[in-house]
Every structure is written in structure tokens, then in C-alpha cells.
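What follows is the content of entry.pdb (PDB, C-alpha atoms).
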```pdb
MODEL        1
ATOM      1  CA  SER A 543       0.000   0.000   0.000  1.00  0.00           C
ATOM      2  CA  SER A 544       1.110   3.619  -0.418  1.00  0.00           C
ATOM      3  CA  GLY A 545       0.189   5.191   2.876  1.00  0.00           C
ATOM      4  CA  TRP A 546       0.939   8.892   3.322  1.00  0.00           C
ATOM      5  CA  ALA A 547       0.362  11.647   5.821  1.00  0.00           C
ATOM      6  CA  GLY A 548       0.223  15.366   5.107  1.00  0.00           C
ATOM      7  CA  GLY A 549       2.886  17.486   6.754  1.00  0.00           C
ATOM      8  CA  ALA A 550       2.612  20.709   8.646  1.00  0.00           C
ATOM      9  CA  SER A 551       3.996  23.166   6.107  1.00  0.00           C
ATOM     10  CA  SER A 552       1.596  25.670   4.635  1.00  0.00           C
ATOM     11  CA  GLY A 553       1.545  26.953   1.088  1.00  0.00           C
ATOM     12  CA  ALA A 554      -1.607  25.908  -0.794  1.00  0.00           C
ATOM     13  CA  ALA A 555      -3.420  29.063   0.214  1.00  0.00           C
ATOM     14  CA  SER A 556      -0.620  31.630   0.556  1.00  0.00           C
ATOM     15  CA  GLY A 557       1.243  33.998  -1.734  1.00  0.00           C
ATOM     16  CA  GLY A 558       0.055  35.914  -4.747  1.00  0.00           C
ATOM     17  CA  GLY A 559      -1.676  34.795  -7.953  1.00  0.00           C
ATOM     18  CA  TRP A 560      -0.985  35.179 -11.613  1.00  0.00           C
ATOM     19  CA  ALA A 561      -2.258  38.367 -13.240  1.00  0.00           C
ATOM     20  CA  GLY A 562      -5.550  37.596 -14.949  1.00  0.00           C
ATOM     21  CA  GLY A 563      -5.536  34.008 -13.603  1.00  0.00           C
ATOM     22  CA  ALA A 564      -4.803  32.504 -17.041  1.00  0.00           C
ATOM     23  CA  ALA A 565      -1.040  31.938 -16.921  1.00  0.00           C
ATOM     24  CA  PRO A 566       0.095  28.340 -16.361  1.00  0.00           C
ATOM     25  CA  LEU A 567       1.655  27.365 -13.063  1.00  0.00           C
ATOM     26  CA  GLN A 568       5.362  26.852 -12.823  1.00  0.00           C
ATOM     27  CA  ALA A 569       6.688  23.703 -11.163  1.00  0.00           C
ATOM     28  CA  PRO A 570       6.907  23.544  -7.363  1.00  0.00           C
ATOM     29  CA  GLN A 571      10.356  24.408  -5.993  1.00  0.00           C
ATOM     30  CA  GLY A 572      12.902  23.131  -3.521  1.00  0.00           C
ATOM     31  CA  LEU A 573      11.837  19.501  -3.204  1.00  0.00           C
ATOM     32  CA  ARG A 574      13.875  18.010  -0.373  1.00  0.00           C
ATOM     33  CA  MET A 575      13.995  15.157   2.119  1.00  0.00           C
ATOM     34  CA  VAL A 576      13.354  16.323   5.691  1.00  0.00           C
ATOM     35  CA  GLU A 577      13.216  12.985   7.541  1.00  0.00           C
ATOM     36  CA  ASN A 578      13.661   9.297   6.847  1.00  0.00           C
ATOM     37  CA  SER A 579      13.472   5.955   8.609  1.00  0.00           C
ATOM     38  CA  SER A 580      13.920   2.374   7.444  1.00  0.00           C
ATOM     39  CA  THR A 581      10.353   2.294   6.043  1.00  0.00           C
ATOM     40  CA  SER A 582       9.376   5.919   5.366  1.00  0.00           C
ATOM     41  CA  ILE A 583      10.588   9.173   3.809  1.00  0.00           C
ATOM     42  CA  THR A 584       9.177  12.640   4.478  1.00  0.00           C
ATOM     43  CA  VAL A 585       9.631  15.228   1.729  1.00  0.00           C
ATOM     44  CA  ALA A 586       8.753  18.936   1.572  1.00  0.00           C
ATOM     45  CA  TRP A 587       8.720  21.592  -1.129  1.00  0.00           C
ATOM     46  CA  GLU A 588       7.835  25.225  -1.862  1.00  0.00           C
ATOM     47  CA  PRO A 589       4.825  26.433  -3.904  1.00  0.00           C
ATOM     48  CA  PRO A 590       5.314  27.505  -7.537  1.00  0.00           C
ATOM     49  CA  SER A 591       6.936  30.904  -7.825  1.00  0.00           C
ATOM     50  CA  GLY A 592       4.235  33.586  -7.885  1.00  0.00           C
ATOM     51  CA  GLY A 593       1.424  31.057  -8.105  1.00  0.00           C
ATOM     52  CA  ALA A 594       0.757  29.730  -4.596  1.00  0.00           C
ATOM     53  CA  ALA A 595      -2.756  31.184  -4.462  1.00  0.00           C
ATOM     54  CA  CYS A 596      -3.670  29.314  -7.645  1.00  0.00           C
ATOM     55  CA  VAL A 597      -2.743  25.869  -6.361  1.00  0.00           C
ATOM     56  CA  SER A 598      -5.654  23.518  -5.705  1.00  0.00           C
ATOM     57  CA  VAL A 599      -3.709  20.392  -4.697  1.00  0.00           C
ATOM     58  CA  TYR A 600      -0.309  18.793  -5.158  1.00  0.00           C
ATOM     59  CA  GLU A 601       0.526  15.390  -6.601  1.00  0.00           C
ATOM     60  CA  LEU A 602       3.534  13.471  -5.267  1.00  0.00           C
ATOM     61  CA  GLN A 603       5.018  10.522  -7.134  1.00  0.00           C
ATOM     62  CA  PHE A 604       7.823   8.128  -6.190  1.00  0.00           C
ATOM     63  CA  ARG A 605       9.744   5.116  -7.457  1.00  0.00           C
ATOM     64  CA  GLU A 606      12.712   2.989  -6.522  1.00  0.00           C
ATOM     65  CA  ALA A 607      15.887   4.223  -8.174  1.00  0.00           C
ATOM     66  CA  ASP A 608      16.193   1.235 -10.507  1.00  0.00           C
ATOM     67  CA  GLU A 609      12.534   1.384 -11.624  1.00  0.00           C
ATOM     68  CA  ARG A 610      11.239   3.249 -14.655  1.00  0.00           C
ATOM     69  CA  GLU A 611       7.573   3.495 -13.701  1.00  0.00           C
ATOM     70  CA  TRP A 612       6.438   6.193 -11.269  1.00  0.00           C
ATOM     71  CA  HIS A 613       3.951   5.380  -8.503  1.00  0.00           C
ATOM     72  CA  LEU A 614       1.367   7.698  -6.963  1.00  0.00           C
ATOM     73  CA  ALA A 615       1.868   8.645  -3.320  1.00  0.00           C
ATOM     74  CA  SER A 616      -1.072  11.095  -3.334  1.00  0.00           C
ATOM     75  CA  ASN A 617      -2.760  13.515  -5.735  1.00  0.00           C
ATOM     76  CA  SER A 618      -4.821  15.376  -3.148  1.00  0.00           C
ATOM     77  CA  LEU A 619      -2.198  17.054  -0.980  1.00  0.00           C
ATOM     78  CA  THR A 620      -3.181  20.496   0.262  1.00  0.00           C
ATOM     79  CA  ARG A 621       0.075  21.098   2.135  1.00  0.00           C
ATOM     80  CA  THR A 622       3.653  21.264   0.976  1.00  0.00           C
ATOM     81  CA  SER A 623       4.967  18.130   2.669  1.00  0.00           C
ATOM     82  CA  CYS A 624       4.167  14.432   2.685  1.00  0.00           C
ATOM     83  CA  GLN A 625       5.378  11.330   4.521  1.00  0.00           C
ATOM     84  CA  LYS A 626       5.516   8.241   2.320  1.00  0.00           C
ATOM     85  CA  HIS A 627       5.168   5.015   4.303  1.00  0.00           C
ATOM     86  CA  ASN A 628       5.582   1.329   3.449  1.00  0.00           C
ATOM     87  CA  LEU A 629       8.975   1.671   1.759  1.00  0.00           C
ATOM     88  CA  ARG A 630      11.731  -0.937   1.798  1.00  0.00           C
ATOM     89  CA  PRO A 631      14.699  -0.544   4.159  1.00  0.00           C
ATOM     90  CA  GLY A 632      18.025   0.617   2.758  1.00  0.00           C
ATOM     91  CA  VAL A 633      16.703   1.307  -0.743  1.00  0.00           C
ATOM     92  CA  PRO A 634      17.319   4.455  -2.867  1.00  0.00           C
ATOM     93  CA  TYR A 635      14.144   6.262  -3.998  1.00  0.00           C
ATOM     94  CA  ARG A 636      13.199   9.079  -6.359  1.00  0.00           C
ATOM     95  CA  PHE A 637      10.435  11.660  -5.752  1.00  0.00           C
ATOM     96  CA  ARG A 638       8.800  14.384  -7.848  1.00  0.00           C
ATOM     97  CA  VAL A 639       5.844  16.733  -7.311  1.00  0.00           C
ATOM     98  CA  ARG A 640       3.534  18.924  -9.381  1.00  0.00           C
ATOM     99  CA  ALA A 641       0.668  21.341  -8.663  1.00  0.00           C
ATOM    100  CA  LEU A 642      -2.893  21.568  -9.973  1.00  0.00           C
ATOM    101  CA  ASN A 643      -4.060  25.011 -11.112  1.00  0.00           C
ATOM    102  CA  ALA A 644      -7.380  25.714  -9.412  1.00  0.00           C
ATOM    103  CA  ARG A 645      -8.364  28.202 -12.132  1.00  0.00           C
ATOM    104  CA  THR A 646      -7.537  26.176 -15.225  1.00  0.00           C
ATOM    105  CA  ALA A 647      -7.647  22.590 -13.834  1.00  0.00           C
ATOM    106  CA  GLU A 648      -4.289  21.984 -15.485  1.00  0.00           C
ATOM    107  CA  TRP A 649      -1.222  20.411 -13.892  1.00  0.00           C
ATOM    108  CA  SER A 650       2.062  22.255 -13.686  1.00  0.00           C
ATOM    109  CA  PRO A 651       5.265  20.578 -14.872  1.00  0.00           C
ATOM    110  CA  PHE A 652       6.941  18.265 -12.390  1.00  0.00           C
ATOM    111  CA  CYS A 653       9.761  19.729 -10.365  1.00  0.00           C
ATOM    112  CA  GLY A 654      13.265  18.293 -10.616  1.00  0.00           C
ATOM    113  CA  THR A 655      13.628  14.728  -9.303  1.00  0.00           C
ATOM    114  CA  LEU A 656      14.771  14.245  -5.709  1.00  0.00           C
ATOM    115  CA  ALA A 657      17.187  11.354  -5.062  1.00  0.00           C
ATOM    116  CA  THR A 658      17.167  10.008  -1.506  1.00  0.00           C
ATOM    117  CA  SER A 659      16.906   6.693   0.330  1.00  0.00           C
ATOM    118  CA  THR A 660      15.448   4.962   3.351  1.00  0.00           C
ATOM    119  CA  MET A 661      17.691   4.042   6.269  1.00  0.00           C
ATOM    120  CA  ALA A 662      18.933   0.522   6.753  1.00  0.00           C
ATOM    121  CA  ALA A 663      16.928  -1.698   9.088  1.00  0.00           C
ATOM    122  CA  VAL A 664      18.215  -3.213  12.296  1.00  0.00           C
ATOM    123  CA  PRO A 665      19.937  -6.509  11.340  1.00  0.00           C
ATOM    124  CA  SER A 666      17.990  -9.726  11.678  1.00  0.00           C
ATOM    125  CA  ARG A 667      19.024 -12.696  13.800  1.00  0.00           C
ATOM    126  CA  PRO A 668      22.211 -14.472  12.597  1.00  0.00           C
ATOM    127  CA  THR A 669      22.384 -18.292  12.584  1.00  0.00           C
ATOM    128  CA  LEU A 670      25.312 -20.060  14.250  1.00  0.00           C
ATOM    129  CA  THR A 671      26.240 -23.093  12.146  1.00  0.00           C
ATOM    130  CA  ARG A 672      29.388 -24.654  13.656  1.00  0.00           C
ATOM    131  CA  ALA A 673      31.570 -24.535  16.756  1.00  0.00           C
ATOM    132  CA  THR A 674      34.610 -26.700  16.102  1.00  0.00           C
ATOM    133  CA  PRO A 675      36.948 -27.421  19.044  1.00  0.00           C
ATOM    134  CA  LYS A 676      40.701 -27.269  18.380  1.00  0.00           C
ATOM    135  CA  PRO A 677      42.054 -28.926  21.550  1.00  0.00           C
ATOM    136  CA  GLN A 678      45.779 -28.581  20.894  1.00  0.00           C
ATOM    137  CA  LEU A 679      45.316 -24.825  20.470  1.00  0.00           C
ATOM    138  CA  HIS A 680      42.879 -24.464  23.394  1.00  0.00           C
ATOM    139  CA  CYS A 681      40.324 -22.747  21.185  1.00  0.00           C
ATOM    140  CA  VAL A 682      37.037 -23.184  19.318  1.00  0.00           C
ATOM    141  CA  GLU A 683      36.352 -21.911  15.809  1.00  0.00           C
ATOM    142  CA  VAL A 684      32.796 -20.502  15.614  1.00  0.00           C
ATOM    143  CA  GLN A 685      30.999 -19.947  12.304  1.00  0.00           C
ATOM    144  CA  TRP A 686      27.664 -18.335  11.505  1.00  0.00           C
ATOM    145  CA  GLU A 687      25.432 -17.283   8.623  1.00  0.00           C
ATOM    146  CA  SER A 688      25.097 -13.564   7.992  1.00  0.00           C
ATOM    147  CA  ALA A 689      22.176 -11.506   9.235  1.00  0.00           C
ATOM    148  CA  ALA A 690      19.940  -9.618   6.790  1.00  0.00           C
ATOM    149  CA  GLY A 691      20.750  -5.923   7.051  1.00  0.00           C
ATOM    150  CA  SER A 692      24.462  -6.440   7.634  1.00  0.00           C
ATOM    151  CA  SER A 693      27.292  -5.842   5.174  1.00  0.00           C
ATOM    152  CA  SER A 694      27.824  -9.567   4.643  1.00  0.00           C
ATOM    153  CA  ALA A 695      24.181 -10.180   3.751  1.00  0.00           C
ATOM    154  CA  PRO A 696      23.098 -10.154   0.098  1.00  0.00           C
ATOM    155  CA  SER A 697      21.507  -6.883  -1.012  1.00  0.00           C
ATOM    156  CA  ASN A 698      18.191  -6.629  -2.859  1.00  0.00           C
ATOM    157  CA  ASN A 699      19.617  -3.796  -4.941  1.00  0.00           C
ATOM    158  CA  ASN A 700      21.496  -4.585  -8.135  1.00  0.00           C
ATOM    159  CA  ASN A 701      24.134  -1.873  -7.873  1.00  0.00           C
ATOM    160  CA  ASN A 702      23.303  -0.052  -4.665  1.00  0.00           C
ATOM    161  CA  ASN A 703      24.180  -1.862  -1.459  1.00  0.00           C
ATOM    162  CA  THR A 704      22.712   0.876   0.726  1.00  0.00           C
ATOM    163  CA  ASN A 705      21.232  -1.727   3.032  1.00  0.00           C
ATOM    164  CA  SER A 706      24.537  -1.918   4.876  1.00  0.00           C
ATOM    165  CA  ASN A 707      27.304   0.306   6.131  1.00  0.00           C
ATOM    166  CA  ALA A 708      31.065  -0.005   6.332  1.00  0.00           C
ATOM    167  CA  GLY A 709      30.792   0.141  10.124  1.00  0.00           C
ATOM    168  CA  ASP A 710      28.591  -2.958  10.507  1.00  0.00           C
ATOM    169  CA  ARG A 711      29.797  -5.359  13.199  1.00  0.00           C
ATOM    170  CA  TYR A 712      29.135  -8.729  14.804  1.00  0.00           C
ATOM    171  CA  VAL A 713      29.373  -9.329  18.553  1.00  0.00           C
ATOM    172  CA  LEU A 714      30.262 -12.876  19.695  1.00  0.00           C
ATOM    173  CA  GLU A 715      29.909 -14.101  23.277  1.00  0.00           C
ATOM    174  CA  TRP A 716      30.630 -17.401  25.047  1.00  0.00           C
ATOM    175  CA  ARG A 717      30.131 -19.135  28.381  1.00  0.00           C
ATOM    176  CA  GLU A 718      31.018 -22.489  29.908  1.00  0.00           C
ATOM    177  CA  LYS A 719      28.101 -24.895  29.701  1.00  0.00           C
ATOM    178  CA  GLY A 720      26.546 -25.983  32.984  1.00  0.00           C
ATOM    179  CA  ARG A 721      27.962 -23.149  35.050  1.00  0.00           C
ATOM    180  CA  SER A 722      26.010 -20.198  36.406  1.00  0.00           C
ATOM    181  CA  MET A 723      28.278 -17.636  34.825  1.00  0.00           C
ATOM    182  CA  GLY A 724      27.487 -14.614  32.700  1.00  0.00           C
ATOM    183  CA  TRP A 725      28.271 -14.264  29.032  1.00  0.00           C
ATOM    184  CA  VAL A 726      31.821 -13.242  28.115  1.00  0.00           C
ATOM    185  CA  ARG A 727      32.784 -11.189  25.070  1.00  0.00           C
ATOM    186  CA  ALA A 728      35.035 -13.210  22.785  1.00  0.00           C
ATOM    187  CA  ASP A 729      37.919 -10.710  22.886  1.00  0.00           C
ATOM    188  CA  VAL A 730      38.849  -7.204  23.951  1.00  0.00           C
ATOM    189  CA  SER A 731      37.776  -5.589  20.674  1.00  0.00           C
ATOM    190  CA  ASN A 732      34.324  -7.185  21.137  1.00  0.00           C
ATOM    191  CA  GLU A 733      33.179  -6.633  17.577  1.00  0.00           C
ATOM    192  CA  TYR A 734      34.101  -7.978  14.131  1.00  0.00           C
ATOM    193  CA  GLU A 735      33.629  -6.670  10.617  1.00  0.00           C
ATOM    194  CA  ALA A 736      30.328  -7.919   9.233  1.00  0.00           C
ATOM    195  CA  SER A 737      32.065  -9.306   6.154  1.00  0.00           C
ATOM    196  CA  VAL A 738      33.645 -11.970   8.404  1.00  0.00           C
ATOM    197  CA  CYS A 739      31.295 -14.707   9.612  1.00  0.00           C
ATOM    198  CA  SER A 740      33.696 -16.764  11.708  1.00  0.00           C
ATOM    199  CA  ARG A 741      35.902 -16.280  14.732  1.00  0.00           C
ATOM    200  CA  VAL A 742      38.397 -18.304  16.758  1.00  0.00           C
ATOM    201  CA  VAL A 743      37.707 -18.069  20.511  1.00  0.00           C
ATOM    202  CA  ARG A 744      40.990 -18.679  22.322  1.00  0.00           C
ATOM    203  CA  GLU A 745      42.256 -19.625  25.791  1.00  0.00           C
ATOM    204  CA  LEU A 746      39.426 -22.049  26.559  1.00  0.00           C
ATOM    205  CA  LYS A 747      39.831 -25.018  28.893  1.00  0.00           C
ATOM    206  CA  THR A 748      40.252 -28.514  27.490  1.00  0.00           C
ATOM    207  CA  GLY A 749      37.608 -31.036  28.483  1.00  0.00           C
ATOM    208  CA  LYS A 750      34.958 -28.345  28.893  1.00  0.00           C
ATOM    209  CA  GLN A 751      31.853 -27.670  26.840  1.00  0.00           C
ATOM    210  CA  TYR A 752      30.985 -24.148  25.785  1.00  0.00           C
ATOM    211  CA  GLN A 753      27.992 -22.222  24.494  1.00  0.00           C
ATOM    212  CA  PHE A 754      28.072 -19.374  21.988  1.00  0.00           C
ATOM    213  CA  ARG A 755      25.780 -16.657  20.685  1.00  0.00           C
ATOM    214  CA  VAL A 756      26.211 -13.848  18.140  1.00  0.00           C
ATOM    215  CA  ARG A 757      24.337 -10.763  16.998  1.00  0.00           C
ATOM    216  CA  ALA A 758      24.829  -8.039  14.401  1.00  0.00           C
ATOM    217  CA  ARG A 759      24.916  -4.258  14.745  1.00  0.00           C
ATOM    218  CA  ASN A 760      24.677  -1.554  12.096  1.00  0.00           C
ATOM    219  CA  ALA A 761      24.155   2.217  12.016  1.00  0.00           C
ATOM    220  CA  VAL A 762      20.488   1.830  12.971  1.00  0.00           C
ATOM    221  CA  GLY A 763      20.850  -0.403  16.004  1.00  0.00           C
ATOM    222  CA  VAL A 764      21.601  -3.849  17.405  1.00  0.00           C
ATOM    223  CA  GLY A 765      19.794  -6.951  16.176  1.00  0.00           C
ATOM    224  CA  PRO A 766      18.624  -9.918  18.276  1.00  0.00           C
ATOM    225  CA  TRP A 767      20.947 -12.626  19.569  1.00  0.00           C
ATOM    226  CA  SER A 768      21.191 -15.882  17.677  1.00  0.00           C
ATOM    227  CA  ALA A 769      19.982 -19.095  19.263  1.00  0.00           C
ATOM    228  CA  VAL A 770      22.498 -20.423  21.807  1.00  0.00           C
ATOM    229  CA  PHE A 771      24.867 -22.906  20.154  1.00  0.00           C
ATOM    230  CA  ASP A 772      26.585 -25.756  22.049  1.00  0.00           C
ATOM    231  CA  SER A 773      30.076 -26.949  21.114  1.00  0.00           C
ATOM    232  CA  GLY A 774      31.379 -30.421  21.799  1.00  0.00           C
ATOM    233  CA  ALA A 775      33.954 -30.882  24.545  1.00  0.00           C
ATOM    234  CA  ALA A 776      37.466 -29.810  23.598  1.00  0.00           C
ATOM    235  CA  ARG A 777      39.295 -33.039  24.531  1.00  0.00           C
ATOM    236  CA  PRO A 778      43.068 -33.172  24.305  1.00  0.00           C
ATOM    237  CA  ALA A 779      44.573 -35.318  21.555  1.00  0.00           C
ATOM    238  CA  SER A 780      45.520 -38.893  22.544  1.00  0.00           C
ATOM    239  CA  ALA A 781      49.146 -39.545  23.385  1.00  0.00           C
ATOM    240  CA  GLY A 782      51.105 -40.687  20.364  1.00  0.00           C
ATOM    241  CA  SER A 783      48.388 -39.584  17.966  1.00  0.00           C
ATOM    242  CA  SER A 784      48.845 -36.701  15.546  1.00  0.00           C
ATOM    243  CA  ARG A 785      45.128 -36.377  15.020  1.00  0.00           C
ATOM    244  CA  GLN A 786      42.973 -34.024  17.126  1.00  0.00           C
ATOM    245  CA  ALA A 787      39.876 -35.365  18.855  1.00  0.00           C
ATOM    246  CA  ALA A 788      37.487 -32.668  17.620  1.00  0.00           C
ATOM    247  CA  PRO A 789      33.860 -33.834  18.036  1.00  0.00           C
ATOM    248  CA  ALA A 790      31.185 -32.451  15.794  1.00  0.00           C
ATOM    249  CA  ALA A 791      29.322 -29.396  17.046  1.00  0.00           C
ATOM    250  CA  SER A 792      26.094 -30.327  18.780  1.00  0.00           C
ATOM    251  CA  GLY A 793      24.104 -27.408  17.422  1.00  0.00           C
ATOM    252  CA  PRO A 794      21.680 -24.724  18.641  1.00  0.00           C
ATOM    253  CA  ARG A 795      19.506 -25.101  21.723  1.00  0.00           C
TER     254      ARG A 795
ENDMDL
END
```
Could you spell out this file's structure in C-alpha cells?
Amino acid sequence: SSGWAGGASSGAASGGGWAGGAAPLQAPQGLRMVENSSTSITVAWEPPSGGAACVSVYELQFREADEREWHLASNSLTRTSCQKHNLRPGVPYRFRVRALNARTAEWSPFCGTLATSTMAAVPSRPTLTRATPKPQLHCVEVQWESAAGSSSAPSNNNNNNTNSNAGDRYVLEWREKGRSMGWVRADVSNEYEASVCSRVVRELKTGKQYQFRVRARNAVGVGPWSAVFDSGAARPASAGSSRQAAPAASGPR
């Protein structure tokens, strides 16, 4: 749906008119984005130069940047702003507006096209896929699938990956299974580039089982934690054997 809400700016009933009332309206001016979220964009504009009193209503159109066809947001706007709802997160959009002459019932030309975009959404929940013990190194390698809305997630846009930011991060935490201890950040830096979906957690105790969880963060906010994932016990390698005893990960709980 193409929900919209009129803004608070005035203009449809202010200013002067054209002499004689017969001259065509010029295009509205100064189309700009005044606010955006992950699912909405608010735009505002100024009335046609010298013709504000002649404006009956405004028509606002929009489209995604890679579309050719324009879509109607509203053709009955009596104010010079509009909030377009139900947009997709992290997608570039185009807007344009024109005015209806109350005296001639003719539309003005469209103003110049505004290029803007919605904000990215908070990342979705990542999925932990493996936690592989490496007993001789006293560590566990943890792997996960990327969260939608992070830099490592596929974008819906062909050439515009605006659904992510260079500063996207993952946060990985661990705890020893069966103990009433809080979650521990995996290292001092706490966060990893979202393009990397694995991490080695070091200095763990052999013979112990551990649990892991991960979540993603971007410029909008922090996403939910993944399901808790159990690793197998990190048993030391048998004496005289060059092969590590690395049991398969037991999976999410």
C-alpha cells in the first residue's frame, strides 16, 4: 500500500496569484527530504513561484531508483509536505511533485527529481552453524550465517548496497556450559567486521563444553541474539596420535 500523511507546512493558500488568472503554473520548488526511517521518507517543497494562491492540490510521485515506472503517493495534498510510508529498508528512492491550477484545472510541470533513500533496518538474527573445538590450540572456531541488514548479507539492490554500512559489526559471546556464569565477550575488541562470519575463541579449557551466541549491529541499532549454540567438549589429543579429537558441534539449543 502507499500510505501517506500530510505534513505541517503551509503553502496551498498563501502567496500571490498570476495576473488575470490565465497563466500556467510553474513547477513547485525546492523539493527536499526532511526525515527518513527504514520504512518511510518525508519530503517537503515550496509552492510555484508567484502562483501559490492558484494551487488547488499537489501530486507526489515516487519510485525505486532502478525502476522506470512512477507510482502515486497522493494527488490530493493540500500542504507542501508528505510522509511516504511502506517503503523498503536501505533502498534508494526518487520523488517528484507537481501542482494543480485551481483556475484552469491543469497540472504544472513536475519539479526536478529528488534522489534520496530509506535508512537501513536493524539486522535480523544471525544463525550459528558450527563450533569446532581445536584442543591442541585451546580454542574453538565458531561460524555463523550472515544476518539480513548487515554488510555480509546479500543486497536486494542490483548496484546499490545501501542496506549496509562499512561500520557494521558482529558481537560474539561465550560461556562455559553448565555453570552459572554470565556471558563473556570473545575478545577485547568485542566486535568484528560484518564481512567476516567466523571467529576463533581462544584460551578455553580442554575437556569443557561451551555455548556461543552472536548478533549483528549496524548504524540503525543492534539486532537480536542468535539461538544459543553448544560446542562439543574440547578433549586433548591422545598420546602418540597426531590427530585431534574434535567432536562435531552439537548445534543450537
Self-check item: Shortest interatomic distance to Thr748 (chain A) - which of A:Thr660, A:Ser580, A:Gln678, A:Gln685, counting only C-alpha atoms
Solution: A:Gln678
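With distances restricted to all atoms listed in the file, A:Ser773 is the closest residue to Trp716 (chain A) from A:Ser591, A:Thr669, A:Ser773, A:Ser659.
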Practice problem: Would you mind reading off the distance between CA of Gly763 (chain A) and CA of Val743 (chain A), one decimal, in Å? | Solution: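 Value for the CA of Gly763 (chain A)-CA of Val743 (chain A) distance: 24.8 Å.
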Quiz item: Expanded to explicit residues, what is the PyMOL selection byres ((chain A and resi 717) around 10) for this file, as a list in words?
Solution: Glu715, Trp716, Glu718, Lys719, Gly720, Arg721, Ser722, Met723, Gly724, Trp725, Val726, Arg727, Ala728, Leu746, Gln751, Tyr752, Gln753, Phe754, Arg755 and Asp772 of chain A
Those same residues, written as a PDB file, in the coordinates of the input with C-alpha atoms?
```pdb
ATOM      1  CA  GLU A 715      29.909 -14.101  23.277  1.00  0.00           C
ATOM      2  CA  TRP A 716      30.630 -17.401  25.047  1.00  0.00           C
ATOM      3  CA  GLU A 718      31.018 -22.489  29.908  1.00  0.00           C
ATOM      4  CA  LYS A 719      28.101 -24.895  29.701  1.00  0.00           C
ATOM      5  CA  GLY A 720      26.546 -25.983  32.984  1.00  0.00           C
ATOM      6  CA  ARG A 721      27.962 -23.149  35.050  1.00  0.00           C
ATOM      7  CA  SER A 722      26.010 -20.198  36.406  1.00  0.00           C
ATOM      8  CA  MET A 723      28.278 -17.636  34.825  1.00  0.00           C
ATOM      9  CA  GLY A 724      27.487 -14.614  32.700  1.00  0.00           C
ATOM     10  CA  TRP A 725      28.271 -14.264  29.032  1.00  0.00           C
ATOM     11  CA  VAL A 726      31.821 -13.242  28.115  1.00  0.00           C
ATOM     12  CA  ARG A 727      32.784 -11.189  25.070  1.00  0.00           C
ATOM     13  CA  ALA A 728      35.035 -13.210  22.785  1.00  0.00           C
ATOM     14  CA  LEU A 746      39.426 -22.049  26.559  1.00  0.00           C
ATOM     15  CA  GLN A 751      31.853 -27.670  26.840  1.00  0.00           C
ATOM     16  CA  TYR A 752      30.985 -24.148  25.785  1.00  0.00           C
ATOM     17  CA  GLN A 753      27.992 -22.222  24.494  1.00  0.00           C
ATOM     18  CA  PHE A 754      28.072 -19.374  21.988  1.00  0.00           C
ATOM     19  CA  ARG A 755      25.780 -16.657  20.685  1.00  0.00           C
ATOM     20  CA  ASP A 772      26.585 -25.756  22.049  1.00  0.00           C
TER      21      ASP A 772
END
```
Quiz item: If you apply the PyMOL selection byres ((chain A and resi 639-648) around 10) to this file, what residues do you get, as a count of residues only?
Solution: 45
